[in-house]
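Chemist: Please find one structure pasted underneath; my questions will follow.
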Amino acid sequence: MAGVSFAPTVSSTTVSIVYTGTASYEAVDVWSILPGETTFRFITEYWNSITTSTSTSRTSTTASSTGPTSSSTSSASPPTYTNEPSNSPGTSKGATAGIAVSCFIAGLILGAVAAFFLFRRRERRVSMGRYHVTEYDSQEKPLQTIPLGGGLRLDQFLLDSTSDAEIGKELCSLGHLLQQHVEENYHLQPVSRSANELTQSLIQLELYESDTMPAIELASLALDSRSRHSAIQHVIAKVTFASITFNKKSPVSLLPPPVSSFTSMIPATESYRGNPDAVDTALTRWRQLSAFLLHPGRSDRTPLAPSEDLSTHEAQKLAVVLNNFLEPFVEGDREVRYEQENHLREVIVECVTFGYLLFSQPSEYRFHFDGGGGSNSIVVFPGLDKISDEEGNRYPRPVRSVAPVIENL
């Protein structure tokens, strides 16, 4: 048989898709064999809709044929080929390295800028905090009315004030009631107690040597029949009015229990850097708000009044403490002593009512036992000074509302 003619054989396979910055390509492998040849020709072509580029890599494949010359049979193994590197478009290694280094440097710069602004912000906050602390320690700010939301002002709802004349009248009535109690319940006969024993009783009543009259001197006045009633009246008044003053020490507090509990936990003002005026101003505002919040009928805006059961119970406790000092000056049987204790409790209850009245006032008041009469006189009933206005602003000097009652010895 004559030589066999081979028609061109073509086979193609899509290998991959190649992307560049402006186009994408399909990589197509094409191999063929011409008639009479035993070597395959291999071509890789890249196609896209815009441009077409072709790169060729050739691989020779040997086909073997065996048999007689007149009839030759060709058997070809499947073509094998190896792609040579193509010149497809892409990013070079140098460009990639440059981009990476640039990104790294840019990140360092951004981090440094962010750290700088963060540090500056923290430093500004610290400096502002130090400034405000210095300002608080160096000067007292006047008490201001705090506006609430919607233009509402709190002072429009706080308890109304009582006139100074009415307050003075109530205090004078208490003075007459106490004088009557002393004259009717304590004798002027000699007693078996010594001055030292009475002094210890006075110390238990929180009447210390630092008061306007030393305890030992007060005990001596109580032992003297000529000054006994004056001394007893002084002791009862001082202990009772201290019990209705939230910044005074007393063996029994007659203020509302929440108020007594809170004031007992307030630490003393720092002696080396504290501002007593600032503390007094804060206590004034706290007292105004407490009286308003504790009032069961606060919309009436009337003074806070103690409950009868509570005031009677607390007054009885204070009467028992006072009788540790007063007991030697009460004569008579058990019934007489019972009447003395009941009447003393009633006097204390009236003083508690007056203390609640002062506690409810927008202005600040203070009792004082300094009569200025020297060693030959004694204050038997305290005076009352007004030390701030209704806004809580302190007066340069206390304003005398009621003068103290002073007796000469």
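Each chain of the structure tokens is named A, B, ... in the order shown, its residues numbered from 1; ligands are numbered from 1 in display order.
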Report the residues of range 171-210 of chain A whose backbone DSSP state falls under alpha helix (DSSP H), written as a list of chain:residue names.
Modeler: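 Matching residues for alpha helix (DSSP H) in range 171-210 of chain A are A:Leu171, A:Cys172, A:Ser173, A:Leu174, A:Gly175, A:His176, A:Leu177, A:Leu178, A:Gln179, A:Gln180, A:His181, A:Val182, A:Glu183, A:Glu184, A:Asn185, A:Ala195, A:Asn196, A:Glu197, A:Leu198, A:Thr199, A:Gln200, A:Ser201, A:Leu202, A:Ile203, A:Gln204.
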Chemist: Could you jot down the CA of Asp370 in chain A to CA of Gln316 in chain A separation for me, Å, one decimal place?
Modeler: 28.2 Å
Chemist: Pick the closest to Asp164 in chain A from A:Leu110, A:Leu188, A:Val252, A:Val399: which is it, counting only C-alpha atoms?
Modeler: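 Nearest candidate to Asp164 in chain A out of A:Leu110, A:Leu188, A:Val252, A:Val399: A:Val399.
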Chemist: Just the residues within 8 Å of range 235-237 of chain A, please, counting only C-alpha atoms, with nothing from its chain fewer than 5 positions along; format it as number ranges by chain.
Modeler: A: 178, 322, 380-382
Chemist: Save the residues we just selected, C-alpha atoms, as a CSV table (one decimal), in the first residue's frame?
Modeler:
```csv
chain,number,residue,atom,x,y,z
A,178,LEU,CA,-38.2,75.7,130.7
A,322,LEU,CA,-30.5,64.2,132.0
A,380,VAL,CA,-29.9,80.2,131.1
A,381,PHE,CA,-31.4,80.1,127.7
A,382,PRO,CA,-29.7,80.4,124.3
```
Chemist: Counting only C-alpha atoms, figure out which residue out of A:Gln340, A:Ser260, A:Ser253, A:Thr245 gets nearest to His313 in chain A.
Modeler: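 Closest to His313 in chain A of all the choices is A:Ser253.
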Chemist: Using only C-alpha atoms, determine which residues lie at most 9 Å from Thr353 in chain A, disregarding the query and same-chain residues fewer than 4 positions distant; provide the list as a PyMOL selection string.
Modeler: chain A and resi 304-306+311+348-349+357-358
Chemist: Just N, CA, C and O atoms for this one: save the residues we selected as a compact mmCIF listing (two decimals), in the first residue's frame.
Modeler:
```
# COMPACT_ATOMS: atom_id res chain seq x y z
N LEU A 304 -41.46 70.81 108.43
CA LEU A 304 -41.47 69.39 108.81
C LEU A 304 -41.81 69.27 110.29
O LEU A 304 -41.31 70.03 111.12
N ALA A 305 -42.65 68.31 110.64
CA ALA A 305 -43.08 68.11 112.03
C ALA A 305 -42.76 66.67 112.44
O ALA A 305 -42.91 65.74 111.64
N PRO A 306 -42.32 66.47 113.69
CA PRO A 306 -42.00 65.11 114.13
C PRO A 306 -43.28 64.33 114.41
O PRO A 306 -44.32 64.90 114.76
N SER A 311 -41.18 61.31 118.58
CA SER A 311 -40.63 62.38 119.41
C SER A 311 -40.78 62.06 120.90
O SER A 311 -39.88 62.33 121.70
N ILE A 348 -38.98 68.66 126.50
CA ILE A 348 -38.08 68.21 125.42
C ILE A 348 -38.86 68.03 124.12
O ILE A 348 -38.36 68.39 123.04
N VAL A 349 -40.09 67.51 124.19
CA VAL A 349 -40.90 67.33 122.98
C VAL A 349 -41.16 68.67 122.31
O VAL A 349 -41.09 68.79 121.07
N LEU A 357 -38.73 72.76 113.09
CA LEU A 357 -39.06 74.01 112.41
C LEU A 357 -37.81 74.67 111.85
O LEU A 357 -37.79 75.10 110.68
N LEU A 358 -36.74 74.74 112.65
CA LEU A 358 -35.49 75.33 112.17
C LEU A 358 -34.85 74.48 111.07
O LEU A 358 -34.28 75.00 110.12
```
